[in-house]
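Accompanying notes for the structure given below.
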Amino acid sequence: MPQPTPARSSRTSSRSALSAPSRPSLPFRPSRPFPPHATSAPVHTPVLAVTADALVVADFGPRTRRPRRPPGPYRRLLATPGARAFTAGNLLARLPAGMFSVSAVVMIAGTRGSYALAGAVTATGLAATALVAPWTARLVDRYGQARAALPATLVAALGSLALLLCVRWDAPAWTLFAAYAATATTPNTGGMARARWAHLLKDDAGALHTANSFEQAMDELCFMLGPVLAAFLCTALFPEAGTLVAVVLLVTGMLLFTAQRSTEPPARPRPNAKAPLRTPGIPALLVVCLATGGVFGATEVVTIAFADAQGHRAAAGAVLALQAAGSCAAGLLYGALKPAGPAARRLPWCVAAMAALLTLPLLAASLSGSLPLLALTLLVAGMATAPTMVTTMTLVQQRTPRDRLNEGMTLAVTGLLGGIACGSAAGGWTVEHVSPAAAYAIPVTAAATALLLALLPPRTPGHNPRDAATRH
């Protein structure tokens with residue numbers, strides 16, 4: 001590019017220009033054209049102008065913006081048409097799952113003065129749910145979520161309100177069992193959300209992995225916030241407040257969720273596939289779920305007992321919330337990563353990580369006896385929970401026929417509930433007969449059992465074309 005002559009750019013020229021009358025500067029263009037670019041894009045030549053003692057370059061070419069960062073996996077997931085609407089309603093309906101049992105215990109124990117009665121009533125409801133939930137899920141698969149789940153929710157809400165009235169009006173104890181047993185018709189809200197994702201993302205395995213991780217994180221979030229909210233309502237307002245608010249949230253959330261018909265999976269009035277319990281690979285996964293549930297049930301009971309032994313029983317809820325927080329964070333991180341290899345190969349590694357990390361609370365309780373250190377180790381141990389559950393639910397979705405998907409996932413939840421009951425009983429017995437610190441060996445044993453079961457080779461499905469058609 002030619003430069004301006006020294007006479008124009010020198011200080012002498014500029015000083016003489018001060019004494020001369022000012023003239024408007026003329027645009028200056030180079031004598032030779034700029035060399036053409038190698039690309040076919042248009043060339044924008046800058047305009048040069050000389051003032052009294054400065055060279056001004058004006059470029060009127062178009063400005064290019066920096067490319068925006070691509071959206072993250074969860075932003076892309078929630079950008080799916082209709083996803084945000086059904087997710088919001090499902091979260092409202094799912095939050096009471098962590099509220100009902102705590103509200104019932106506080107309400108019954110506070111008015112009747114018996115934790116034994118409160119525990120027996122909630123245990124009855126848990127057993128009834130384990131029996132009724134698969135049948136409710138089968139109706140959801142056959143008649144659709146809106147037609148089956150909403151009436152089942154209303155029946156469960158009436159059962160909770162009946163329990164509230166029985167407690168309020170000092171009805172006989174047997175009425176508490178009957179009323180709480182009616183809540184067993186509560187649909188598996190998390191399973192219905194996963195069924196919608198499986199319907200919307202059936203051709204995208206990576207996005208479905210992110211969706212399952214998101215749902216697991218939401219499960220952990222609801223079971224972390226639900227008990228805290230229930231305890232606050234029952235103590236700050238009145239004993240029945242937790243149950244009443246939970247009923248309102250459940251019905252409102254289910255109404256919003258089932259109103260989103262565009263994302264609802266199609267109903268299968270006459271399913272051609274066999275029951276999930278007879279599907280190859282599903283029984284083995286249910287046994288793994290049973291052992292994994294033992295981890296959850298034992299950890300909860302033992303942590304409460306350990307905090308009570310240290311004189312900080314009120315802090316047990318916060319310690320367990322830390323474990324759920326670790327699982328929630330790990331679930332979101334696991335969903336953002338691309339899974340390596342098939343889910344059947346990843347499951348043993350996830351369960352092995354859970355078993356290894358669960359030794360940390362055992363060591364912290366046995367060697368130090370420090371509750372803050374125990375809370376830290378539970379936070380770390382909880383980080384292996386979500387990957388294990390996400391991989392398990394992915395395998396359930398892969399091995400269950402599509403026209404019975406809600407039933408298959410509800411059976412997995414039923415296995416978890418049965419494991420929680422067994423783990424709670426084993427943990428409580430060990431706490432009373434040995435010590436709270438030694439009782440942390442129960443979750444480790446349950447996780448090791450789940451690992452052995454996950455390492456067993458599943459029975460591969462046969463090459464029946466009819467089975468293949470129902471699966472795909």
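By order of appearance in the structure tokens: chains A, B, ..., then residues from 1 within every chain, and ligands from 1 in the order shown.
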Filtered DSSP result for range 204-330 of chain A, state alpha helix (DSSP H), as a ChimeraX atom specification: /A:205-236,241-258,282-309,316-330
Name all residues at most 9 Å from Leu158 in chain A (count only C-alpha atoms; drop same-chain ones fewer than 2 positions away) and give them as a CSV table (one decimal) with N, CA and C atoms, in the first residue's frame.
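Generated file (out-v9.csv):
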chain,number,residue,atom,x,y,z
A,153,THR,N,-54.9,-40.9,40.2
A,153,THR,CA,-54.4,-39.8,41.1
A,153,THR,C,-55.5,-39.3,42.0
A,154,LEU,N,-56.7,-39.1,41.4
A,154,LEU,CA,-57.8,-38.6,42.2
A,154,LEU,C,-58.1,-39.6,43.4
A,155,VAL,N,-58.1,-40.9,43.1
A,155,VAL,CA,-58.3,-41.9,44.1
A,155,VAL,C,-57.3,-41.8,45.2
A,156,ALA,N,-56.0,-41.7,44.8
A,156,ALA,CA,-54.9,-41.5,45.8
A,156,ALA,C,-55.1,-40.3,46.6
A,160,SER,N,-55.5,-39.8,50.8
A,160,SER,CA,-54.7,-38.9,51.7
A,160,SER,C,-55.6,-38.0,52.4
A,161,LEU,N,-56.6,-37.5,51.8
A,161,LEU,CA,-57.6,-36.6,52.5
A,161,LEU,C,-58.3,-37.4,53.6
A,162,ALA,N,-58.7,-38.7,53.3
A,162,ALA,CA,-59.3,-39.5,54.3
A,162,ALA,C,-58.4,-39.7,55.5
A,163,LEU,N,-57.1,-40.0,55.2
A,163,LEU,CA,-56.2,-40.1,56.3
A,163,LEU,C,-56.1,-38.8,57.2
A,179,ALA,N,-57.2,-45.9,55.0
A,179,ALA,CA,-57.1,-44.7,54.2
A,179,ALA,C,-55.7,-44.6,53.5
A,182,ALA,N,-55.2,-46.7,50.4
A,182,ALA,CA,-55.8,-46.2,49.2
A,182,ALA,C,-54.9,-45.3,48.3
A,183,THR,N,-53.9,-44.8,49.0
A,183,THR,CA,-52.9,-43.9,48.2
A,183,THR,C,-52.0,-44.8,47.3
A,247,VAL,N,-51.3,-33.0,48.6
A,247,VAL,CA,-52.4,-33.4,47.8
A,247,VAL,C,-52.7,-32.3,46.7
Which range 171-222 of chain A residues have any atom within 9 Å of an atom of range 323-345 of chain A, and for each, what is the nearest pair of atoms with distance in Å to one decimal, counting only C-alpha atoms, rows sorted by chain and number, as JSON lines?
{"residue": "A:Gly206", "atom": "CA", "partner": "A:Lys338", "partner_atom": "CA", "distance": 6.7}
{"residue": "A:Ala207", "atom": "CA", "partner": "A:Gly335", "partner_atom": "CA", "distance": 8.7}
{"residue": "A:His209", "atom": "CA", "partner": "A:Gly335", "partner_atom": "CA", "distance": 6.2}
{"residue": "A:Thr210", "atom": "CA", "partner": "A:Gly335", "partner_atom": "CA", "distance": 4.2}
{"residue": "A:Ala211", "atom": "CA", "partner": "A:Gly335", "partner_atom": "CA", "distance": 7.3}
{"residue": "A:Asn212", "atom": "CA", "partner": "A:Gly335", "partner_atom": "CA", "distance": 7.5}
{"residue": "A:Ser213", "atom": "CA", "partner": "A:Gly335", "partner_atom": "CA", "distance": 4.8}
{"residue": "A:Phe214", "atom": "CA", "partner": "A:Leu332", "partner_atom": "CA", "distance": 6.1}
{"residue": "A:Glu215", "atom": "CA", "partner": "A:Gly331", "partner_atom": "CA", "distance": 8.7}
{"residue": "A:Gln216", "atom": "CA", "partner": "A:Gly331", "partner_atom": "CA", "distance": 6.5}
{"residue": "A:Ala217", "atom": "CA", "partner": "A:Cys328", "partner_atom": "CA", "distance": 4.4}
{"residue": "A:Met218", "atom": "CA", "partner": "A:Cys328", "partner_atom": "CA", "distance": 7.3}
{"residue": "A:Asp219", "atom": "CA", "partner": "A:Cys328", "partner_atom": "CA", "distance": 8.1}
{"residue": "A:Glu220", "atom": "CA", "partner": "A:Cys328", "partner_atom": "CA", "distance": 5.5}
{"residue": "A:Leu221", "atom": "CA", "partner": "A:Cys328", "partner_atom": "CA", "distance": 6.4}
Neighbour list for range 371-374 of chain A as a JSON list (two decimals) with C-alpha atoms, in the first residue's frame, cut-off 9 Å, only C-alpha atoms, skip fewer than 5 positions in-chain:
[["chain", "number", "residue", "atom", "x", "y", "z"],
["A", 303, "THR", "CA", -27.57, -42.23, 59.16],
["A", 306, "PHE", "CA", -25.72, -42.39, 63.84],
["A", 307, "ALA", "CA", -26.70, -38.71, 64.08],
["A", 310, "GLN", "CA", -23.90, -38.26, 68.30],
["A", 312, "HIS", "CA", -27.52, -34.35, 66.55],
["A", 319, "VAL", "CA", -26.83, -35.05, 56.06],
["A", 360, "LEU", "CA", -16.02, -44.12, 52.76],
["A", 361, "PRO", "CA", -18.99, -43.58, 55.17],
["A", 362, "LEU", "CA", -18.16, -46.90, 56.83],
["A", 363, "LEU", "CA", -14.57, -45.80, 57.42],
["A", 364, "ALA", "CA", -15.58, -42.30, 58.54],
["A", 365, "ALA", "CA", -18.13, -43.62, 61.05],
["A", 379, "LEU", "CA", -21.87, -36.44, 49.57]]
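Those residues that approach Val444 in chain A to within 9 Å, counting only C-alpha atoms, are Val295, Met354, Ala355, Ala356, Leu357, Leu358, Thr359, Leu362, Tyr440, Ala448 and Thr449 of chain A; same-chain residues fewer than 4 positions away are not listed.
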Spatial neighbours of Leu250 in chain A, 10 Å, only C-alpha atoms, chain gap at least 4 places, as a ChimeraX atom specification: /A:89-97,153-154,156-157,186,189,245-246,254-255
Export, as a CSV table (one decimal), in the first residue's frame, the selected residues with N, CA, C and O atoms.
chain,number,residue,atom,x,y,z
A,89,GLY,N,-45.3,-29.7,34.8
A,89,GLY,CA,-46.4,-30.4,35.4
A,89,GLY,C,-45.9,-31.6,36.2
A,89,GLY,O,-46.4,-32.0,37.3
A,90,ASN,N,-45.0,-32.4,35.5
A,90,ASN,CA,-44.6,-33.6,36.2
A,90,ASN,C,-43.8,-33.4,37.4
A,90,ASN,O,-43.9,-34.1,38.4
A,91,LEU,N,-43.0,-32.3,37.5
A,91,LEU,CA,-42.2,-32.0,38.7
A,91,LEU,C,-43.2,-31.6,39.8
A,91,LEU,O,-42.9,-31.9,41.0
A,92,LEU,N,-44.2,-30.8,39.5
A,92,LEU,CA,-45.2,-30.5,40.6
A,92,LEU,C,-45.8,-31.8,41.1
A,92,LEU,O,-46.1,-31.9,42.3
A,93,ALA,N,-46.2,-32.7,40.2
A,93,ALA,CA,-46.8,-34.0,40.7
A,93,ALA,C,-45.8,-34.9,41.3
A,93,ALA,O,-46.2,-35.8,42.1
A,94,ARG,N,-44.5,-34.8,41.0
A,94,ARG,CA,-43.5,-35.7,41.6
A,94,ARG,C,-43.0,-35.2,43.0
A,94,ARG,O,-42.6,-36.1,43.8
A,95,LEU,N,-43.0,-33.9,43.3
A,95,LEU,CA,-42.5,-33.4,44.5
A,95,LEU,C,-43.2,-34.1,45.7
A,95,LEU,O,-42.6,-34.4,46.7
A,96,PRO,N,-44.6,-34.3,45.7
A,96,PRO,CA,-45.2,-34.9,46.9
A,96,PRO,C,-44.7,-36.3,47.2
A,96,PRO,O,-45.0,-36.8,48.3
A,97,ALA,N,-44.0,-37.0,46.3
A,97,ALA,CA,-43.5,-38.3,46.6
A,97,ALA,C,-42.6,-38.3,47.7
A,97,ALA,O,-42.5,-39.3,48.5
A,153,THR,N,-54.9,-40.9,40.2
A,153,THR,CA,-54.4,-39.8,41.1
A,153,THR,C,-55.5,-39.3,42.0
A,153,THR,O,-55.3,-39.0,43.2
A,154,LEU,N,-56.7,-39.1,41.4
A,154,LEU,CA,-57.8,-38.6,42.2
A,154,LEU,C,-58.1,-39.6,43.4
A,154,LEU,O,-58.5,-39.2,44.5
A,156,ALA,N,-56.0,-41.7,44.8
A,156,ALA,CA,-54.9,-41.5,45.8
A,156,ALA,C,-55.1,-40.3,46.6
A,156,ALA,O,-54.8,-40.3,47.9
A,157,ALA,N,-55.5,-39.2,46.0
A,157,ALA,CA,-55.7,-37.9,46.7
A,157,ALA,C,-56.8,-38.1,47.7
A,157,ALA,O,-56.7,-37.6,48.9
A,186,THR,N,-51.4,-44.1,43.4
A,186,THR,CA,-50.6,-43.0,42.9
A,186,THR,C,-49.8,-43.5,41.7
A,186,THR,O,-49.0,-44.4,41.8
A,189,THR,N,-45.1,-41.2,38.5
A,189,THR,CA,-44.9,-39.9,37.7
A,189,THR,C,-43.6,-39.9,36.9
A,189,THR,O,-43.5,-39.5,35.8
A,245,VAL,N,-51.0,-29.9,51.6
A,245,VAL,CA,-50.2,-29.2,50.5
A,245,VAL,C,-49.8,-30.3,49.4
A,245,VAL,O,-49.8,-30.0,48.2
A,246,ALA,N,-49.4,-31.4,49.9
A,246,ALA,CA,-48.9,-32.5,49.0
A,246,ALA,C,-50.1,-32.9,48.1
A,246,ALA,O,-49.8,-33.2,46.9
A,254,MET,N,-50.6,-33.2,38.2
A,254,MET,CA,-51.1,-34.3,37.3
A,254,MET,C,-52.1,-33.7,36.2
A,254,MET,O,-52.1,-34.1,35.1
A,255,LEU,N,-52.9,-32.7,36.6
A,255,LEU,CA,-53.8,-32.1,35.7
A,255,LEU,C,-53.0,-31.3,34.6
A,255,LEU,O,-53.3,-31.4,33.4
Please list as a list in words every residue within 9 Å of Thr258 in chain A, counting only C-alpha atoms and excluding residues in the same chain fewer than 4 positions away. Phe86, Gly89, Asn90, Gln145, Ala146, Arg147, Ala149, Leu150, Gly253, Met254 and Glu264 of chain A
From the set A:Leu290, A:Val302, A:Ala148, A:Leu201, which residue has the shortest atom-to-atom contact distance to Ala439 in chain A, counting only C-alpha atoms?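 Distance minimum relative to Ala439 in chain A lands on A:Val302.
Each of A:Leu455, A:Ile282, A:Met224, A:Val287 was compared to Gly317 in chain A using only C-alpha atoms, and A:Met224 turns out to be the nearest.
In this structure, CA of Cys222 in chain A sits 18.0 Å away from CA of Ala384 in chain A.
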Nearest to Pro73 in chain A among A:Val102, A:Leu126, A:Leu347, A:Leu208, with distances taken over only C-alpha atoms: which residue is it?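 Residue with the minimum atom-to-atom distance to Pro73 in chain A: A:Leu208.
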In Å, rounded to a single decimal, give me how far CA of Ala178 in chain A is from CA of Ala193 in chain A.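 Atom-to-atom, CA of Ala193 in chain A to CA of Ala178 in chain A, that is 29.3 Å.
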For CA of Leu456 in chain A and CA of Arg346 in chain A, the interatomic separation in Å (one decimal):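 Pair CA of Leu456 in chain A / CA of Arg346 in chain A returns 13.4 Å.
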A:Tyr180, A:Ala426, A:Thr279, A:Ala230 ranked by distance to Gly119 in chain A, top pick (using only C-alpha atoms):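 Of the candidates, the smallest distance to Gly119 in chain A is held by A:Tyr180.
Counting only C-alpha atoms, the residue from A:Pro348, A:Pro134, A:Gly242, A:Gly294 that sits nearest to Leu405 in chain A is A:Pro134.
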Given the choices A:Leu256, A:Val132, A:Ala352, A:Ala236, which gets closest to Ala88 in chain A if the distance is worked out from only C-alpha atoms? A:Leu256
